[in-house]
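structure-v2.tsv (TSV, C-alpha atoms)
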chain	number	residue	atom	x	y	z
A	1	MET	CA	198.39	141.90	-4.47
A	2	SER	CA	195.16	140.50	-5.89
A	3	SER	CA	194.25	136.82	-5.65
A	4	PHE	CA	195.05	134.81	-8.75
A	5	SER	CA	193.40	131.48	-8.03
A	6	SER	CA	190.68	131.76	-10.69
A	7	ARG	CA	190.84	129.33	-13.63
A	8	PRO	CA	190.10	132.00	-16.30
A	9	ALA	CA	193.17	133.98	-15.25
A	10	VAL	CA	195.33	130.86	-15.43
A	11	LEU	CA	194.03	129.97	-18.87
A	12	ALA	CA	194.45	133.54	-20.14
A	13	ALA	CA	198.05	133.69	-18.97
A	14	ALA	CA	198.76	130.23	-20.41
A	15	CYS	CA	197.34	131.37	-23.75
A	16	CYS	CA	199.54	134.47	-23.66
A	17	SER	CA	202.57	132.33	-22.92
A	18	LEU	CA	201.86	130.17	-25.96
A	19	LEU	CA	201.32	133.20	-28.20
A	20	LEU	CA	204.61	134.67	-27.06
A	21	VAL	CA	206.38	131.47	-28.06
A	22	ILE	CA	205.01	131.62	-31.61
A	23	GLY	CA	205.51	135.36	-31.87
A	24	VAL	CA	201.88	136.50	-32.00
A	25	THR	CA	200.32	138.97	-29.58
A	26	ALA	CA	196.86	140.46	-29.23
A	27	ALA	CA	196.25	144.10	-28.37
A	28	ARG	CA	194.60	145.71	-25.35
A	29	VAL	CA	191.71	147.88	-26.53
A	30	ILE	CA	190.81	151.06	-24.66
A	31	GLN	CA	187.38	152.67	-24.60
A	32	VAL	CA	187.09	156.21	-23.26
A	33	SER	CA	183.68	157.16	-21.80
A	34	TYR	CA	182.67	160.55	-20.44
A	35	ILE	CA	181.11	160.43	-16.96
A	36	GLY	CA	180.52	164.05	-16.00
A	37	CYS	CA	181.73	167.20	-14.29
A	38	PHE	CA	182.86	166.86	-10.65
A	39	MET	CA	184.10	169.17	-7.93
A	40	ASP	CA	187.66	169.37	-6.63
A	41	ASN	CA	189.57	171.24	-3.92
A	42	SER	CA	193.13	171.66	-2.66
A	43	ALA	CA	193.07	168.16	-1.03
A	44	ARG	CA	192.35	166.69	-4.50
A	45	ASP	CA	189.59	164.25	-5.34
A	46	MET	CA	191.61	162.16	-7.84
A	47	ARG	CA	194.89	161.07	-6.21
A	48	GLY	CA	196.14	158.08	-8.18
A	49	LEU	CA	199.45	159.79	-8.96
A	50	SER	CA	200.26	160.62	-5.34
A	51	GLY	CA	203.95	160.02	-4.66
A	52	ILE	CA	204.83	159.77	-8.37
A	53	LYS	CA	207.51	162.20	-9.56
A	54	SER	CA	207.71	161.18	-13.21
A	55	VAL	CA	206.58	158.47	-15.61
A	56	GLY	CA	208.94	158.23	-18.54
A	57	GLU	CA	209.62	161.74	-19.80
A	58	ILE	CA	206.47	163.20	-18.23
A	59	SER	CA	206.84	164.99	-14.90
A	60	VAL	CA	204.13	164.76	-12.26
A	61	SER	CA	203.26	167.64	-9.96
A	62	ASP	CA	201.65	165.71	-7.12
A	63	PRO	CA	199.14	164.42	-7.97
A	64	ARG	CA	198.67	165.69	-11.53
A	65	VAL	CA	200.37	166.26	-14.88
A	66	ILE	CA	200.46	169.80	-16.21
A	67	SER	CA	201.00	170.10	-19.95
A	68	ARG	CA	200.40	172.35	-22.94
A	69	SER	CA	199.43	169.15	-24.77
A	70	THR	CA	196.59	168.25	-22.40
A	71	SER	CA	193.66	166.60	-24.17
A	72	ARG	CA	191.52	163.49	-23.78
A	73	GLU	CA	194.00	161.50	-25.86
A	74	PHE	CA	197.02	162.76	-23.93
A	75	CYS	CA	195.51	162.05	-20.51
A	76	SER	CA	193.98	158.67	-21.41
A	77	SER	CA	197.26	157.43	-22.91
A	78	PHE	CA	199.24	158.60	-19.90
A	79	CYS	CA	196.85	157.13	-17.30
A	80	ALA	CA	196.74	153.85	-19.25
A	81	LEU	CA	200.45	153.39	-18.45
A	82	GLY	CA	199.32	152.73	-14.89
A	83	GLY	CA	196.10	150.90	-15.74
A	84	PHE	CA	193.95	153.54	-14.04
A	85	PRO	CA	190.20	153.18	-14.61
A	86	TYR	CA	189.49	156.94	-14.45
A	87	PHE	CA	191.08	160.19	-15.51
A	88	GLY	CA	190.13	163.82	-15.00
A	89	LEU	CA	190.85	166.99	-16.96
A	90	GLN	CA	190.93	170.31	-15.12
A	91	ASN	CA	191.44	173.99	-15.85
A	92	ALA	CA	192.47	173.39	-19.52
A	93	TRP	CA	195.93	171.99	-18.71
A	94	ALA	CA	195.83	169.46	-15.81
A	95	CYS	CA	195.52	165.66	-16.08
A	96	PHE	CA	194.62	163.45	-13.10
A	97	CYS	CA	194.63	159.63	-12.93
A	98	SER	CA	192.66	157.76	-10.28
A	99	TRP	CA	191.11	154.54	-9.02
A	100	ASP	CA	188.02	156.45	-7.87
A	101	PHE	CA	186.36	159.87	-8.05
A	102	GLY	CA	183.42	161.93	-6.82
A	103	SER	CA	184.24	162.26	-3.12
A	104	LEU	CA	183.34	165.96	-3.30
A	105	GLY	CA	180.21	165.45	-5.36
A	106	PRO	CA	179.10	166.37	-8.89
A	107	ALA	CA	179.23	169.86	-10.35
A	108	GLU	CA	177.12	171.61	-12.95
A	109	GLU	CA	178.07	170.60	-16.48
A	110	SER	CA	178.40	174.27	-17.32
A	111	ASP	CA	181.27	174.50	-14.79
A	112	CYS	CA	183.45	172.31	-17.02
A	113	ASN	CA	183.66	174.94	-19.75
A	114	MET	CA	187.37	175.38	-20.47
A	115	THR	CA	188.81	174.10	-23.75
A	116	CYS	CA	191.86	171.82	-23.60
A	117	ASN	CA	195.28	173.32	-24.26
A	118	GLY	CA	196.09	170.43	-26.58
A	119	ASN	CA	192.75	170.32	-28.42
A	120	SER	CA	190.47	173.35	-28.58
A	121	SER	CA	187.54	171.18	-29.70
A	122	GLN	CA	187.48	169.38	-26.34
A	123	MET	CA	186.49	170.52	-22.85
A	124	CYS	CA	189.02	170.12	-20.04
A	125	GLY	CA	187.08	170.92	-16.89
A	126	GLY	CA	187.28	174.31	-15.21
A	127	PRO	CA	188.70	175.99	-12.10
A	128	TRP	CA	188.47	173.30	-9.36
A	129	ARG	CA	186.29	171.22	-11.67
A	130	ASN	CA	187.19	167.86	-13.27
A	131	SER	CA	185.82	166.52	-16.52
A	132	VAL	CA	185.90	162.83	-15.53
A	133	PHE	CA	186.25	159.92	-17.95
A	134	ALA	CA	186.30	156.13	-17.55
A	135	LEU	CA	188.86	153.87	-19.24
A	136	THR	CA	187.81	150.34	-20.19
A	137	TYR	CA	190.54	147.80	-20.96
A	138	ARG	CA	190.64	144.44	-22.68
A	139	ARG	CA	194.00	142.97	-21.75
A	140	SER	CA	194.18	139.82	-23.82
A	141	CYS	CA	197.88	139.11	-24.01
A	142	PHE	CA	201.42	140.18	-23.13
A	143	LYS	CA	204.18	141.29	-25.46
A	144	GLN	CA	207.88	140.74	-24.90
A	145	SER	CA	210.30	143.55	-25.69
A	146	GLN	CA	213.61	145.04	-24.71
A	147	MET	CA	213.82	146.72	-21.32
A	148	PRO	CA	212.41	150.26	-21.72
A	149	SER	CA	214.89	153.10	-21.59
A	150	LEU	CA	212.24	155.11	-19.70
A	151	ASN	CA	211.43	154.51	-16.05
A	152	VAL	CA	209.27	155.66	-13.15
A	153	SER	CA	210.46	157.92	-10.35
A	154	SER	CA	208.40	157.76	-7.16
A	155	THR	CA	208.57	158.23	-3.41
A	156	LEU	CA	206.40	155.09	-3.07
A	157	PRO	CA	207.06	151.53	-4.32
A	158	THR	CA	205.86	150.89	-7.88
A	159	SER	CA	206.83	147.20	-8.03
A	160	TRP	CA	206.73	144.04	-5.94
A	161	SER	CA	208.60	140.75	-6.31
A	162	ILE	CA	207.67	137.07	-6.09
A	163	ALA	CA	209.54	133.81	-6.59
A	164	ALA	CA	209.14	132.43	-10.11
A	165	GLN	CA	210.48	129.45	-12.03
A	166	THR	CA	209.17	130.47	-15.45
A	167	ALA	CA	207.79	133.55	-17.20
A	168	LEU	CA	204.33	132.02	-16.86
A	169	ASP	CA	204.70	132.33	-13.08
A	170	CYS	CA	204.90	136.08	-13.69
A	171	LEU	CA	202.06	136.36	-16.19
A	172	ILE	CA	199.42	134.58	-14.11
A	173	PRO	CA	199.52	136.96	-11.10
A	174	CYS	CA	200.02	140.01	-13.32
A	175	GLU	CA	196.98	139.12	-15.42
A	176	ALA	CA	194.92	138.72	-12.26
A	177	SER	CA	195.97	142.04	-10.70
A	178	ALA	CA	194.66	145.43	-11.80
A	179	ASP	CA	197.81	146.93	-10.27
A	180	CYS	CA	200.16	145.07	-12.64
A	181	GLN	CA	200.94	146.46	-16.10
A	182	ALA	CA	204.24	144.70	-16.88
A	183	VAL	CA	206.71	142.17	-15.49
A	184	ILE	CA	210.43	141.53	-15.44
A	185	PHE	CA	211.33	137.84	-15.21
A	186	SER	CA	214.86	136.96	-14.13
A	187	GLY	CA	215.43	133.30	-14.90
A	188	GLN	CA	218.87	133.38	-13.30
A	189	GLN	CA	217.50	134.69	-10.01
A	190	ARG	CA	214.20	132.77	-10.30
A	191	LEU	CA	212.49	136.03	-9.48
A	192	CYS	CA	209.61	137.99	-10.95
A	193	HIS	CA	209.16	141.75	-10.56
A	194	LEU	CA	205.58	142.90	-11.10
A	195	LEU	CA	205.30	146.53	-12.18
A	196	ARG	CA	202.56	149.02	-11.38
A	197	PHE	CA	203.37	151.01	-14.53
A	198	ALA	CA	204.37	149.95	-18.02
A	199	TYR	CA	207.86	151.27	-17.21
A	200	PRO	CA	210.12	149.89	-14.47
A	201	PRO	CA	211.24	151.92	-11.47
A	202	ALA	CA	214.77	153.30	-11.79
A	203	SER	CA	216.02	150.68	-9.30
A	204	LEU	CA	215.09	147.88	-11.74
A	205	SER	CA	216.01	149.55	-15.02
A	206	SER	CA	219.30	147.63	-15.25
A	207	THR	CA	217.86	144.27	-14.16
A	208	ASP	CA	218.94	141.34	-16.30
A	209	GLY	CA	215.77	139.57	-17.41
A	210	ASP	CA	212.83	139.37	-19.81
A	211	PHE	CA	210.49	142.37	-19.95
A	212	LEU	CA	206.85	141.67	-20.81
A	213	PHE	CA	204.01	144.19	-20.83
A	214	ALA	CA	200.26	144.14	-21.35
A	215	ALA	CA	199.84	144.93	-25.04
A	216	GLU	CA	197.95	148.13	-25.77
A	217	SER	CA	196.32	149.25	-28.97
A	218	ALA	CA	197.03	152.73	-30.33
A	219	ARG	CA	193.35	152.95	-31.20
A	220	SER	CA	190.74	154.22	-28.79
A	221	LYS	CA	186.99	154.70	-28.90
A	222	THR	CA	185.42	157.69	-27.20
A	223	VAL	CA	181.85	157.42	-25.98
Could the structure of this file be written out as structure tokens, please?
Amino acid sequence: MSSFSSRPAVLAAACCSLLLVIGVTAARVIQVSYIGCFMDNSARDMRGLSGIKSVGEISVSDPRVISRSTSREFCSSFCALGGFPYFGLQNAWACFCSWDFGSLGPAEESDCNMTCNGNSSQMCGGPWRNSVFALTYRRSCFKQSQMPSLNVSSTLPTSWSIAAQTALDCLIPCEASADCQAVIFSGQQRLCHLLRFAYPPASLSSTDGDFLFAAESARSKTV
């Protein structure tokens, strides 16, 4: 887990806590920027979804999502659930999320020439070629809601727990960590569960506590 000793992170979380009390939340804005066309192979260059079986109602075929709805909007919204900084579109129908890319080198732009299944006006890579995009976030506050009915299924842990006396004890480390997208605070247990995705793992879906997630705007800007 990332260090959370910086004063800005403390102040940001404190601000969020105050806004939650008075019922006002700010949104997280996403900017989508095209980077370029990059090579891939059977070992996979973009592996952020490794070990994930499903996120909500969307199934993952390690380490990608295959969908007839694949488009820039579909893939960016899905990868944003895990706070990934990059996503890749391949072969018209595949969506990859990742913390890095480019291990196999760039490809010719003309290699990423297949239109997306979900939007024929967009290009979604090509055979063994990823159209790679960057996601930029501005996470300015957290929003409290009911526990989601959707969850994450994975062969790897998608949450970690720390001792906490108040919800603020959850927000400070979550705000400071790129791996944290939501928290569950159990006041009775004095425990905070920090979540890698905006949905809890199945093992925590029935946990009695407050669910807070990094607010996200439905708007996006593509560059």
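Straight-line separation from CA of Val32 (chain A) to CA of Glu109 (chain A): 18.3 Å.
Shortest separation to Ser131 (chain A) among A:His193, A:Arg47, A:Lys53, A:Arg72 occurs at residue A:Arg72, atoms counted being only C-alpha atoms.
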Select from region 28-147 of chain A every residue with an atom at most 10 Å from any atom of region 168-184 of chain A, then for each give the shortest pair of atoms and their distance in Å to one decimal, using only C-alpha atoms, rows by chain and rising number, as a tab-separated table.
residue	atom	partner	partner_atom	distance
A:Ala80	CA	A:Gln181	CA	9.1
A:Leu81	CA	A:Gln181	CA	7.3
A:Gly82	CA	A:Gln181	CA	6.6
A:Gly83	CA	A:Gln181	CA	6.6
A:Phe84	CA	A:Ala178	CA	8.4
A:Pro85	CA	A:Ala178	CA	9.4
A:Arg139	CA	A:Glu175	CA	8.0
A:Ser140	CA	A:Glu175	CA	8.9
A:Cys141	CA	A:Glu175	CA	8.6
A:Phe142	CA	A:Leu171	CA	7.9
A:Lys143	CA	A:Ala182	CA	9.2
A:Gln144	CA	A:Val183	CA	9.6
A:Met147	CA	A:Ile184	CA	8.5
Show me, as a PDB file with C-alpha atoms, in the coordinates of the input, the residues that have an atom within 9 Å of Gly126 (chain A) when counting all atoms listed in the file, minus same-chain residues fewer than 4 positions from it.
ATOM      1  CA  LEU A  89     190.850 166.990 -16.960  1.00  0.00           C
ATOM      2  CA  GLN A  90     190.930 170.310 -15.120  1.00  0.00           C
ATOM      3  CA  ASN A  91     191.440 173.990 -15.850  1.00  0.00           C
ATOM      4  CA  ALA A  92     192.470 173.390 -19.520  1.00  0.00           C
ATOM      5  CA  ASP A 111     181.270 174.500 -14.790  1.00  0.00           C
ATOM      6  CA  CYS A 112     183.450 172.310 -17.020  1.00  0.00           C
ATOM      7  CA  ASN A 113     183.660 174.940 -19.750  1.00  0.00           C
ATOM      8  CA  MET A 114     187.370 175.380 -20.470  1.00  0.00           C
ATOM      9  CA  THR A 115     188.810 174.100 -23.750  1.00  0.00           C
ATOM     10  CA  ASN A 130     187.190 167.860 -13.270  1.00  0.00           C
ATOM     11  CA  SER A 131     185.820 166.520 -16.520  1.00  0.00           C
TER      12      SER A 131
END
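In this comparison, which uses all atoms listed in the file, the residue of A:Leu212, A:Met39, A:Cys97, A:Pro127 approaching Val65 (chain A) most closely is A:Cys97.
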